[in-house]
$ cat coords-v8.cif   # mmCIF, C-alpha atoms and all ligand atoms
data_coords
loop_
_atom_site.label_atom_id
_atom_site.label_comp_id
_atom_site.auth_asym_id
_atom_site.auth_seq_id
_atom_site.Cartn_x
_atom_site.Cartn_y
_atom_site.Cartn_z
CA MET A 188 -13.86 0.27 -16.80
CA SER A 189 -11.08 2.68 -15.89
CA LYS A 190 -8.28 1.58 -13.60
CA THR A 191 -7.67 3.39 -10.33
CA LEU A 192 -4.25 4.78 -9.55
CA ALA A 193 -3.84 5.43 -5.85
CA ILE A 194 -1.16 8.04 -5.36
CA ASP A 195 0.42 8.88 -2.03
CA LEU A 196 0.68 12.57 -1.16
CA ASP A 197 3.69 13.02 1.15
CA SER A 198 6.93 12.55 -0.77
CA VAL A 199 5.21 11.34 -3.95
CA LEU A 200 3.24 14.45 -4.98
CA ALA A 201 4.39 16.88 -2.29
CA ASP A 202 8.13 16.97 -1.57
CA VAL A 203 7.35 17.72 2.06
CA VAL A 204 10.67 16.52 3.48
CA VAL A 205 12.41 19.43 1.72
CA THR A 206 10.39 21.83 3.90
CA TRP A 207 10.61 19.52 6.93
CA VAL A 208 14.42 19.60 6.70
CA ASP A 209 14.41 23.37 6.34
CA GLU A 210 12.28 23.71 9.47
CA TYR A 211 14.40 21.13 11.31
CA ASN A 212 17.56 23.11 10.50
CA ARG A 213 15.98 26.30 11.78
CA LEU A 214 14.84 24.71 15.05
CA LYS A 215 17.98 22.66 15.73
CA ASP A 216 20.51 25.09 14.28
CA SER A 217 21.57 22.31 11.97
CA ASN A 218 22.54 22.01 8.32
CA ILE A 219 21.16 18.80 6.85
CA ILE A 220 19.66 18.19 3.40
CA LYS A 221 16.93 15.82 2.20
CA GLU A 222 19.54 13.34 0.91
CA ASP A 223 20.70 12.87 4.52
CA ILE A 224 17.36 11.30 5.44
CA ILE A 225 18.36 7.74 4.65
CA ALA A 226 15.99 5.98 7.05
CA TRP A 227 12.21 5.92 7.14
CA ASP A 228 12.23 6.40 10.91
CA ILE A 229 13.89 9.80 11.01
CA HIS A 230 14.23 9.62 14.80
CA THR A 231 16.69 6.74 14.40
CA ILE A 232 19.16 8.91 12.46
CA LEU A 233 18.63 12.41 13.85
CA PRO A 234 18.49 13.76 17.38
CA ILE A 235 14.72 14.12 17.42
CA THR A 236 12.02 12.00 19.03
CA GLU A 237 9.37 10.25 16.96
CA THR A 238 6.64 12.48 18.43
CA GLU A 239 8.63 15.62 17.72
CA SER A 240 9.34 14.48 14.17
CA ASN A 241 5.66 13.73 13.49
CA SER A 242 4.46 17.00 14.94
CA LEU A 243 7.04 18.83 12.81
CA PHE A 244 5.43 17.20 9.75
CA SER A 245 2.02 18.47 10.83
CA ASP A 246 3.41 21.93 11.54
CA VAL A 247 5.05 22.09 8.15
CA TRP A 248 1.68 21.32 6.53
CA ILE A 249 -0.19 23.79 8.73
CA TYR A 250 2.20 26.74 8.75
CA ARG A 251 4.35 26.27 5.68
CA TRP A 252 2.15 24.48 3.13
CA LYS A 253 2.83 27.25 0.62
CA ASP A 254 6.54 26.42 0.74
CA ILE A 255 6.13 22.69 0.09
CA PRO A 256 7.33 22.04 -3.45
CA PRO A 257 5.79 19.43 -5.74
CA THR A 258 8.15 16.56 -6.57
CA GLN A 259 8.08 17.70 -10.20
CA ASN A 260 7.23 20.90 -12.05
CA ARG A 261 3.66 21.21 -13.36
CA ILE A 262 2.72 17.98 -11.62
CA GLY A 263 -0.97 18.80 -12.17
CA ASN A 264 -0.44 18.38 -15.92
CA ILE A 265 0.85 14.85 -15.35
CA ILE A 266 -2.29 14.02 -13.37
CA GLU A 267 -4.40 15.45 -16.21
CA LYS A 268 -2.53 13.35 -18.75
CA LEU A 269 -3.10 10.21 -16.67
CA LYS A 270 -6.80 11.01 -16.61
CA THR A 271 -6.92 11.38 -20.38
CA GLN A 272 -5.46 7.85 -20.50
CA ASN A 273 -8.54 6.71 -18.62
CA TYR A 274 -7.02 6.34 -15.16
CA ARG A 275 -9.00 7.34 -12.11
CA ILE A 276 -6.80 9.30 -9.70
CA SER A 277 -7.25 8.57 -6.03
CA ILE A 278 -4.96 10.33 -3.59
CA LEU A 279 -4.42 7.97 -0.67
CA THR A 280 -2.72 9.60 2.28
CA ARG A 281 -2.20 8.73 5.91
CA ARG A 282 -2.14 11.90 7.96
CA ASP A 283 -2.93 14.06 10.93
CA ARG A 284 -6.56 15.25 10.69
CA LYS A 285 -5.50 18.82 11.50
CA THR A 286 -3.57 19.12 8.24
CA LEU A 287 -6.55 18.42 6.00
CA PRO A 288 -7.54 22.02 5.07
CA TYR A 289 -3.92 22.77 4.12
CA VAL A 290 -3.68 19.66 1.98
CA SER A 291 -6.73 20.85 0.13
CA ASN A 292 -5.15 24.30 -0.37
CA TRP A 293 -1.90 22.73 -1.56
CA LEU A 294 -3.64 20.52 -4.12
CA GLU A 295 -5.58 23.47 -5.47
CA THR A 296 -2.49 25.71 -5.63
CA ASN A 297 -0.63 23.01 -7.55
CA ASN A 298 -3.57 22.41 -9.92
CA ILE A 299 -3.92 18.79 -8.89
CA ASP A 300 -7.42 17.67 -9.74
CA CYS A 301 -7.90 14.20 -8.27
CA ASP A 302 -11.03 12.04 -8.53
CA ASP A 303 -11.00 11.33 -4.85
CA LEU A 304 -8.95 12.10 -1.77
CA ILE A 305 -8.79 9.38 0.86
CA CYS A 306 -7.30 10.39 4.19
CA VAL A 307 -6.37 7.58 6.53
CA PHE A 308 -6.31 8.63 10.16
CA ASP A 309 -5.62 5.27 11.77
CA SER A 310 -3.03 2.58 11.08
CA ILE A 311 -5.02 0.34 8.73
CA PRO A 312 -2.86 -0.84 5.80
CA LYS A 313 -3.21 1.14 2.56
CA SER A 314 -3.26 -2.15 0.64
CA ILE A 315 -6.89 -2.81 1.66
CA TYR A 316 -8.18 0.28 -0.17
CA PRO A 317 -9.71 -0.06 -3.63
CA PHE A 318 -7.07 0.58 -6.29
CA ASP A 319 -5.35 -1.20 -9.14
CA ILE A 320 -1.95 0.41 -8.66
CA LEU A 321 -0.50 2.23 -5.64
CA ILE A 322 2.41 4.65 -6.00
CA ASP A 323 4.08 5.21 -2.64
CA ASP A 324 7.49 6.01 -1.16
CA ALA A 325 6.97 3.88 1.96
CA PRO A 326 8.11 0.25 1.61
CA GLN A 327 5.66 -0.78 4.35
CA ASN A 328 2.73 0.44 2.25
CA ILE A 329 3.56 -1.55 -0.86
CA VAL A 330 5.16 -4.67 0.57
CA ASP A 331 1.86 -6.43 1.33
CA ILE A 332 0.07 -5.58 -1.94
CA LYS A 333 -1.23 -8.77 -3.52
CA PHE A 334 -1.79 -9.60 -7.17
CA PRO A 335 -3.71 -8.41 -9.21
CA LYS A 336 -3.04 -5.14 -7.37
CA LYS A 337 0.34 -3.62 -8.05
CA GLY A 338 2.71 -1.40 -6.08
CA ILE A 339 5.14 1.08 -7.57
CA LEU A 340 7.86 2.50 -5.34
CA PHE A 341 8.57 6.21 -5.60
CA ASP A 342 12.31 6.69 -5.12
CA GLN A 343 13.38 8.68 -2.07
CA PRO A 344 16.66 8.61 -0.09
CA TRP A 345 14.98 6.66 2.74
CA ASN A 346 13.87 3.73 0.57
CA ARG A 347 17.04 3.04 -1.48
CA SER A 348 17.93 -0.13 0.42
CA PHE A 349 14.48 -1.59 -0.26
CA ASN A 350 14.51 -3.96 -3.19
CA TRP A 351 11.37 -3.61 -5.30
CA PRO A 352 10.84 -4.46 -8.98
CA ILE A 353 9.28 -1.15 -10.04
CA ARG A 354 10.85 2.08 -8.81
CA ILE A 355 10.19 5.49 -10.37
CA ASN A 356 12.07 8.74 -9.84
CA ARG A 357 9.36 11.12 -11.00
CA LEU A 358 5.63 10.82 -11.47
CA SER A 359 5.97 11.21 -15.24
CA ASP A 360 8.02 7.97 -15.30
CA LEU A 361 4.67 6.22 -14.74
CA PHE A 362 3.97 6.47 -18.46
CA HIS A 363 6.70 3.87 -19.07
CA TYR A 364 5.09 1.35 -16.72
CA LEU A 365 1.36 1.69 -17.09
CA PRO A 366 -0.48 -0.75 -19.31
MG MG B 401 4.64 9.09 1.52
#
$ encode --input "coords-v8.cif" --output "structure tokens"
Amino acid sequence: MSKTLAIDLDSVLADVVVTWVDEYNRLKDSNIIKEDIIAWDIHTILPITETESNSLFSDVWIYRWKDIPPTQNRIGNIIEKLKTQNYRISILTRRDRKTLPYVSNWLETNNIDCDDLICVFDSIPKSIYPFDILIDDAPQNIVDIKFPKKGILFDQPWNRSFNWPIRINRLSDLFHYLP
């Protein structure tokens, strides 16, 4: 029986904050970089409301999905390699329903061939979904994962103060941790 790897989309596969920051700078006549986003709740560190910040994320997906870089070059090849090692790849993403067609375009453009794509529209915890291992950049998504499930934190500037036993910097680092 193959094991299921649930992989988050935003900031694990798609480096969406790079494009978010670019759009933020354009709108606010500002000059920040991704490394400046040191808190999960962006509205607590930048002059933007939570609603505005969230709708900017949706807009980036809708209008600028072609500009969103993957977190690593040829990331689709890494997914393929994981599949050859008998892992089932489930993309597990919480998002605005309106962004769905653009997510699909982005995955295709980046040659990411997942086994399933689960979009969460409400606030139910990701930990209840069927997977063996979840890779996510959000501490709140991995903190309540219970054995035998496992959570792997994907390093991003906003999660550096979160202490977690397994942290990876790139998706290909997974090969060092998977059984
Ligand atoms: Mg994420």
$ residues_near_ligand --input "coords-v8.cif" --ligand "ligand MG 401 (chain B)" --cutoff "8 Å" --atoms "only C-alpha atoms and all ligand atoms" --output "MDAnalysis selection string"
chainID A and resid 195:199 280 323:325
$ residues_around --input "coords-v8.cif" --residues "Phe349 of chain A" --least-positions-apart "5" --cutoff "12 Å" --atoms "all atoms listed in the file" --output "PyMOL selection string"
chain A and resi 225-227+324-327+329-330+340-344+354
$ closest_residue --input "coords-v8.cif" --among "A:Ile355, A:Leu243, A:Ile299, A:Ile255" --to "His230 of chain A" --atoms "all atoms listed in the file"
A:Leu243
$ atom_distance --input "coords-v8.cif" --atom1 "atom CA of Phe318 of chain A" --atom2 "atom CA of Pro366 of chain A"
14.7 Å
$ residues_around --input "coords-v8.cif" --residues "segment 309-317 of chain A" --least-positions-apart "3" --cutoff "8 Å" --atoms "all atoms listed in the file" --output "short mmCIF file (atom, residue, chain, number, x, y, z; two decimals) with C-alpha atoms, in the frame of the given file"
data_model
loop_
_atom_site.label_atom_id
_atom_site.label_comp_id
_atom_site.auth_asym_id
_atom_site.auth_seq_id
_atom_site.Cartn_x
_atom_site.Cartn_y
_atom_site.Cartn_z
CA THR A 191 -7.67 3.39 -10.33
CA LEU A 279 -4.42 7.97 -0.67
CA ARG A 281 -2.20 8.73 5.91
CA ASN A 328 2.73 0.44 2.25
CA ILE A 329 3.56 -1.55 -0.86
CA ASP A 331 1.86 -6.43 1.33
CA ILE A 332 0.07 -5.58 -1.94
#
$ atom_distance --input "coords-v8.cif" --atom1 "atom CA of Phe308 of chain A" --atom2 "atom CA of Arg282 of chain A"
5.7 Å
$ residues_around --input "coords-v8.cif" --residues "Leu192 of chain A" --least-positions-apart "5" --cutoff "9 Å" --atoms "all atoms listed in the file" --output "list in words"
Tyr274, Arg275, Ile276, Ser277, Ile278, Phe318, Asp319, Ile320, Leu321 and Ile322 of chain A
$ atom_distance --input "coords-v8.cif" --atom1 "atom CA of Tyr250 of chain A" --atom2 "atom CA of Glu295 of chain A"
16.5 Å
$ residues_near_point --input "coords-v8.cif" --point "(8.8, 24.1, -2.2)" --cutoff "10 Å" --atoms "all atoms listed in the file" --output "PyMOL selection string"
chain A and resi 201-206+251-258
$ closest_residue --input "coords-v8.cif" --among "A:Glu222, A:Glu210, A:Asp228, A:Asp300" --to "Ile265 of chain A" --atoms "all atoms listed in the file"
A:Asp300
$ closest_residue --input "coords-v8.cif" --among "A:Asn292, A:Asn212, A:Thr231, A:Asn273" --to "Trp345 of chain A" --atoms "all atoms listed in the file"
A:Thr231
$ closest_residue --input "coords-v8.cif" --among "A:Lys221, A:Arg284, A:Lys190, A:Lys215" --to "Thr271 of chain A" --atoms "all atoms listed in the file"
A:Lys190
$ residues_near_point --input "coords-v8.cif" --point "(2.8, 10.4, -10.4)" --cutoff "8 Å" --atoms "only C-alpha atoms" --output "ChimeraX atom specification"
/A:194,199-200,262,265-266,322,357-361
$ write_last_selection --input "coords-v8.cif" --atoms "C-alpha atoms" --output "short mmCIF file (atom, residue, chain, number, x, y, z; two decimals), in the frame of the given file"
data_model
loop_
_atom_site.label_atom_id
_atom_site.label_comp_id
_atom_site.auth_asym_id
_atom_site.auth_seq_id
_atom_site.Cartn_x
_atom_site.Cartn_y
_atom_site.Cartn_z
CA ILE A 194 -1.16 8.04 -5.36
CA VAL A 199 5.21 11.34 -3.95
CA LEU A 200 3.24 14.45 -4.98
CA ILE A 262 2.72 17.98 -11.62
CA ILE A 265 0.85 14.85 -15.35
CA ILE A 266 -2.29 14.02 -13.37
CA ILE A 322 2.41 4.65 -6.00
CA ARG A 357 9.36 11.12 -11.00
CA LEU A 358 5.63 10.82 -11.47
CA SER A 359 5.97 11.21 -15.24
CA ASP A 360 8.02 7.97 -15.30
CA LEU A 361 4.67 6.22 -14.74
#
$ closest_residue --input "coords-v8.cif" --among "A:Val247, A:Leu287, A:Ile232, A:Cys301" --to "Lys270 of chain A" --atoms "all atoms listed in the file"
A:Cys301
